[in-house]
Each structure stands twice: as C-alpha cells, then as structure tokens.
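Colleague: One structure is given below, represented as structure tokens, and several questions about it will come after.
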Amino acid sequence: MAAKLHLPPILPGLSAIAADYDALVCDVWGVLHDGTAARLEATAALQRFRAEHGPVVLLSNAPRPKRDLEAQFRRFGVPLDCYDAIVTSGIATRIDLARRCKDRRLRMFHLGPERDRGIFEGLDIAASAIEDAEIVLNSGLFDDDRETPDDYRERLAQMKARGLPMLCANPDRVVQRGGRLIWCAGALASEYEKLGGTVIYYGKPMPAIYDIVRAEVPKARRWLAIGDGLHTDIKGANGAGIDALFIADGIHGEEIGAVTPVRMAALFAEAGVSARAAMPRLVW
C-alpha cells in the first residue's frame with residue numbers, strides 16, 4: 001500500500017507562521033524580483049518580519065559579490081532595508097578561489113559574462129584560454145539572452161579533453177527573467193558532468209553555503225527558508241535541517257498549475273523534497 005502523501009497547507013501569508021521563527025533565509029531571484037523588477041509585496045513581507053521577529057539573510061545562487069547584487073537591487077527597485085545580510089554562491093566561490101591562488105598564480109578560463117568578474121577580481125589569477133588553463137570558472141553563458149547549452153558542446157569537449165576541473169559558481173539550471181526562463185551555469189555544469197568532467201558546485205543546495213548563512217546570525221535557532229526552487233532552495237533547506245516555505249510562482253510556475261495541497265504534495269514527492277507549507281507568492 002502506497003504511503004499517504006503529507007498535504008502541505010497553502011498559506012494566505014507569511015504572517016501565518018512567522019512567529020515560529022527567529023530568522024529567515026530567503027531566495028532572491030523568483031521571490032524578491034523576476035529579473036526585471038521587484039516584487040514589492042515580497043520585500044514588504046521581509047521588512048515586516050525584520051521589524052517583528054528577527055533578521056533576514058538573503059541567499060542567492062547569483063555568481064556575484066554582494067556589491068553587484070545590491071547594484072542590481074537598486075535598478076530593480078528592491079529596497080535595501082528588507083534584509084540584514086547577503087550570501088551568494090559567488091561569495092562562496094571566491095573564498096575557494098582565494099584559497100587556491102594563495103601561494104601562486106592560478107591559470108583560469110572564465111566561462112561566463114564580463115559582469116561576473118567580481119568573483120575573482122583582485123585575486124592572483126591569470127585569465128587563460130582553454131588550452132592554457134588549469135581550471136575553469138563557470139559563472140554562466142556568455143550571452144544568456146540568445147545562447148543555450150547546445151552552443152557550448154565544442155568548448156565543453158575541449159575542457160574534458162584537457163581534464164580541467166570546473167568550478168560552478170551558480171548551480172541553478174534556469175532562472176526567470178521577466179517571464180522567460182534563462183539558462184544558467186548549472187545547465188552547463190550538468191552537460192560537463194555528462195561528458196565525464198569533474199564539477200565542484202557552490203551555493204544551494206550544497207550544505208556548506210548554509211554554514212556561511214548561519215555564521216551571519218549565530219544566535220538564531222529557529223530558521224525558515226523561503227524559495228521557489230525545488231532542487232536548490234527546498235532541497236538545500238532539507239539538507240541543512242531548516243523548515244522550508246515553497247513559493248510556487250517562480251521557476252516552476254508554468255508546470256505547477258493550481259496551487260493546492262494535493263498538487264504541492266505530488267510536486268514535492270516527485271522532487272524528493274518536503275516543505276512545511278507553500279504560497280503562490282511571498283506576501284505578509
């Protein structure tokens with residue numbers, strides 16, 4: 001007899017469970033903005049939680065340092081007072097790169113757009129072609145508006161032929177940008193693994209990123225993770241032992257349909273994750 005699915009409640013707002021927690025770790029892209037503009041009801045919910053319950057740490061798989069994320073927030077209209085700290089996969093990647101080039105210059109091929117150079121800016125790294133590199137930093141597609149992973153088959157094959165390890169600074173496969181799904185570094189990393197290449201991932205759902213999050217608010221004991229990615233936000237929260245709140249109208253929005261307890265239970269079971277509750281969008 002099949003096990004009965006746990007039916008997660010569909011919350012009217014974060015306020016329904018906010019008092020149970022003293023800190024939030026919240027995703028950014030797909031929750032606080034859609035890649036073009038802020039979702040102001042979501043940012044207002046975080047402001048309310050900060051005022052009444054505790055700190056908010058934003059956790060993003062963006063392959064960028066904090067300053068670049070905040071510059072983006074200003075463009076999109078995300079208020080800078082809706083959080084206490086920012087942790088990104090780009091920050092975690094930079095920590096490892098700094099360790100790798102501590103005592104010598106590192107020859108690295110950067111697979112990704114110029115806007116992501118902040119990950120390694122100022123480190124003792126020599127920008128190299130694939131044929132001269134000893135490692136690959138993958139922060140995404142060079143032109144994610146037009147390209148797909150298929151456009152990278154030849155480059156990935158060259159990297160594999162040289163046995164280059166790949167550092168993936170963004171485990172996300174896709175993100176939402178103004179209603180469109182855009183390919184990310186995680187998709188390229190997945191294709192590289194299919195070729196037999198070695199990939200080291202930073203960010204969600206890797207457990208190490210949650211150690212960095214907890215260090216930002218060491219006194220917090222009752223964490224709630226909020227996110228729209230089943231395989232990153234929710235899986236990562238499960239692995240870190242943190243309760244999760246799933247936001248349905250994000251990267252999985254088109255495939256979900258009606259946001260009901262039965263639909264959410266089936267979706268979570270299919271992805272092999274669990275969440276305390278779900279909401280269509282983050283609101284207070």
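Order determines the names: the first chain of the structure tokens is A, the second B, and so forth; residues in each chain are numbered 1 upward, and ligands are numbered 1 upward as they are shown.
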Do a neighbour search on region 49-51 of chain A at 8 Å with only C-alpha atoms, toss out local chain neighbours closer than 6 positions, and write the hits as a short mmCIF file (atom, residue, chain, number, x, y, z; two decimals) with C-alpha atoms, in the first residue's frame.
Modeller:
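Just written: result37.cif:
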data_model
loop_
_atom_site.label_atom_id
_atom_site.label_comp_id
_atom_site.auth_asym_id
_atom_site.auth_seq_id
_atom_site.Cartn_x
_atom_site.Cartn_y
_atom_site.Cartn_z
CA ALA A 18 6.24 33.94 11.18
CA CYS A 82 14.40 44.26 3.65
CA TYR A 83 17.40 42.17 4.72
#
Colleague: Name all residues at most 12 Å from Ser274 (chain A) (count only C-alpha atoms; drop same-chain ones fewer than 5 positions away) and give them as a PyMOL selection string.
Modeller: chain A and resi 5-8+225+230-231+233-239+241-246+264-269
Colleague: Calculated over only C-alpha atoms, which of the candidates A:Ala248, A:Leu111, A:Leu97, A:Cys168 has the smallest distance to Met206 (chain A)?
Modeller: A:Cys168
Colleague: Excluding same-chain residues fewer than 2 positions from region 66-72 of chain A, what lies within 9 Å of it counting only C-alpha atoms, as a list in words?
Modeller: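 What passes the distance filter is Ala62, Arg64, Arg74, Arg75, Phe76, Gly77, Val78, Leu80, Ala85, Ile86, Val87, Thr88, Gly90, Ile91, Arg115, Asp116 and Gly118 of chain A.
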Colleague: Next, write the just-selected residues to a file, as a PDB file, in the first residue's frame, keeping N, CA and C atoms as the atom set.
Modeller:
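What follows is the written file out_38.pdb:
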ATOM      1  N   ALA A  62      23.390  33.619  -7.227  1.00  0.00           N
ATOM      2  CA  ALA A  62      23.991  34.574  -8.159  1.00  0.00           C
ATOM      3  C   ALA A  62      25.511  34.469  -8.104  1.00  0.00           C
ATOM      4  N   ARG A  64      27.939  36.390  -8.108  1.00  0.00           N
ATOM      5  CA  ARG A  64      28.404  37.768  -7.969  1.00  0.00           C
ATOM      6  C   ARG A  64      28.639  38.109  -6.502  1.00  0.00           C
ATOM      7  N   ARG A  74      19.073  48.071  -6.738  1.00  0.00           N
ATOM      8  CA  ARG A  74      18.730  49.477  -6.966  1.00  0.00           C
ATOM      9  C   ARG A  74      18.061  49.662  -8.322  1.00  0.00           C
ATOM     10  N   ARG A  75      18.541  48.940  -9.327  1.00  0.00           N
ATOM     11  CA  ARG A  75      17.924  49.043 -10.660  1.00  0.00           C
ATOM     12  C   ARG A  75      16.509  48.482 -10.669  1.00  0.00           C
ATOM     13  N   PHE A  76      16.298  47.373  -9.939  1.00  0.00           N
ATOM     14  CA  PHE A  76      15.003  46.696  -9.956  1.00  0.00           C
ATOM     15  C   PHE A  76      14.009  47.280  -8.957  1.00  0.00           C
ATOM     16  N   GLY A  77      14.494  48.103  -8.018  1.00  0.00           N
ATOM     17  CA  GLY A  77      13.610  48.677  -7.010  1.00  0.00           C
ATOM     18  C   GLY A  77      13.440  47.822  -5.777  1.00  0.00           C
ATOM     19  N   VAL A  78      14.377  46.922  -5.511  1.00  0.00           N
ATOM     20  CA  VAL A  78      14.348  46.122  -4.278  1.00  0.00           C
ATOM     21  C   VAL A  78      14.910  46.969  -3.143  1.00  0.00           C
ATOM     22  N   LEU A  80      16.760  48.192   0.114  1.00  0.00           N
ATOM     23  CA  LEU A  80      17.921  47.625   0.795  1.00  0.00           C
ATOM     24  C   LEU A  80      17.681  47.408   2.285  1.00  0.00           C
ATOM     25  N   ALA A  85      21.656  40.660   5.734  1.00  0.00           N
ATOM     26  CA  ALA A  85      22.904  40.168   5.152  1.00  0.00           C
ATOM     27  C   ALA A  85      22.603  39.481   3.823  1.00  0.00           C
ATOM     28  N   ILE A  86      23.634  39.387   2.999  1.00  0.00           N
ATOM     29  CA  ILE A  86      23.542  38.697   1.709  1.00  0.00           C
ATOM     30  C   ILE A  86      24.640  37.645   1.642  1.00  0.00           C
ATOM     31  N   VAL A  87      24.258  36.432   1.264  1.00  0.00           N
ATOM     32  CA  VAL A  87      25.211  35.358   0.989  1.00  0.00           C
ATOM     33  C   VAL A  87      24.929  34.858  -0.419  1.00  0.00           C
ATOM     34  N   THR A  88      25.976  34.720  -1.228  1.00  0.00           N
ATOM     35  CA  THR A  88      25.784  34.243  -2.601  1.00  0.00           C
ATOM     36  C   THR A  88      26.739  33.097  -2.912  1.00  0.00           C
ATOM     37  N   GLY A  90      28.457  33.141  -5.480  1.00  0.00           N
ATOM     38  CA  GLY A  90      29.646  33.847  -5.947  1.00  0.00           C
ATOM     39  C   GLY A  90      30.622  34.129  -4.819  1.00  0.00           C
ATOM     40  N   ILE A  91      30.099  34.487  -3.652  1.00  0.00           N
ATOM     41  CA  ILE A  91      30.950  34.731  -2.488  1.00  0.00           C
ATOM     42  C   ILE A  91      31.646  33.437  -2.076  1.00  0.00           C
ATOM     43  N   ARG A 115      30.183  40.591 -16.595  1.00  0.00           N
ATOM     44  CA  ARG A 115      29.573  41.140 -15.381  1.00  0.00           C
ATOM     45  C   ARG A 115      29.866  40.292 -14.141  1.00  0.00           C
ATOM     46  N   ASP A 116      30.348  39.047 -14.341  1.00  0.00           N
ATOM     47  CA  ASP A 116      30.627  38.162 -13.206  1.00  0.00           C
ATOM     48  C   ASP A 116      32.086  38.199 -12.765  1.00  0.00           C
ATOM     49  N   GLY A 118      33.573  40.037 -10.852  1.00  0.00           N
ATOM     50  CA  GLY A 118      33.741  40.370  -9.442  1.00  0.00           C
ATOM     51  C   GLY A 118      34.066  39.168  -8.581  1.00  0.00           C
TER      52      GLY A 118
END
Colleague: Check which residues of region 75-141 of chain A sit at most 9 Å from region 177-191 of chain A using only C-alpha atoms, and return one row each with the closest pair of atoms and their distance in Å to one decimal, ordered by chain and rising number, as JSON lines.
Modeller:
{"residue": "A:Leu111", "atom": "CA", "partner": "A:Ala185", "partner_atom": "CA", "distance": 8.8}
{"residue": "A:Gly112", "atom": "CA", "partner": "A:Ala185", "partner_atom": "CA", "distance": 8.0}
{"residue": "A:Asn138", "atom": "CA", "partner": "A:Ala185", "partner_atom": "CA", "distance": 6.1}
{"residue": "A:Ser139", "atom": "CA", "partner": "A:Ala185", "partner_atom": "CA", "distance": 5.3}
{"residue": "A:Gly140", "atom": "CA", "partner": "A:Ala185", "partner_atom": "CA", "distance": 3.8}
{"residue": "A:Leu141", "atom": "CA", "partner": "A:Cys184", "partner_atom": "CA", "distance": 6.5}
Colleague: Can I get the selection written as a JSON list (two decimals), in the first residue's frame, with C-alpha atoms?
Modeller:
[["chain", "number", "residue", "atom", "x", "y", "z"],
["A", 111, "LEU", "CA", 33.23, 30.62, -18.82],
["A", 112, "GLY", "CA", 30.71, 33.39, -18.33],
["A", 138, "ASN", "CA", 31.76, 28.57, -14.87],
["A", 139, "SER", "CA", 29.51, 31.50, -13.98],
["A", 140, "GLY", "CA", 27.07, 31.08, -16.87],
["A", 141, "LEU", "CA", 26.58, 31.53, -20.58]]
Colleague: Just checking: using only C-alpha atoms, which residue out of A:Pro218, A:Pro79, A:Pro113, A:Pro63 ends up closest to Glu41 (chain A)?
Modeller: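 Closest residue, counting only C-alpha atoms: A:Pro79.
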Colleague: Would you list, as a ChimeraX atom specification, the residues of region 18-50 of chain A that end up in helix (DSSP H, G or I) under DSSP run on this structure's backbone?
Modeller: /A:18-20,40-50
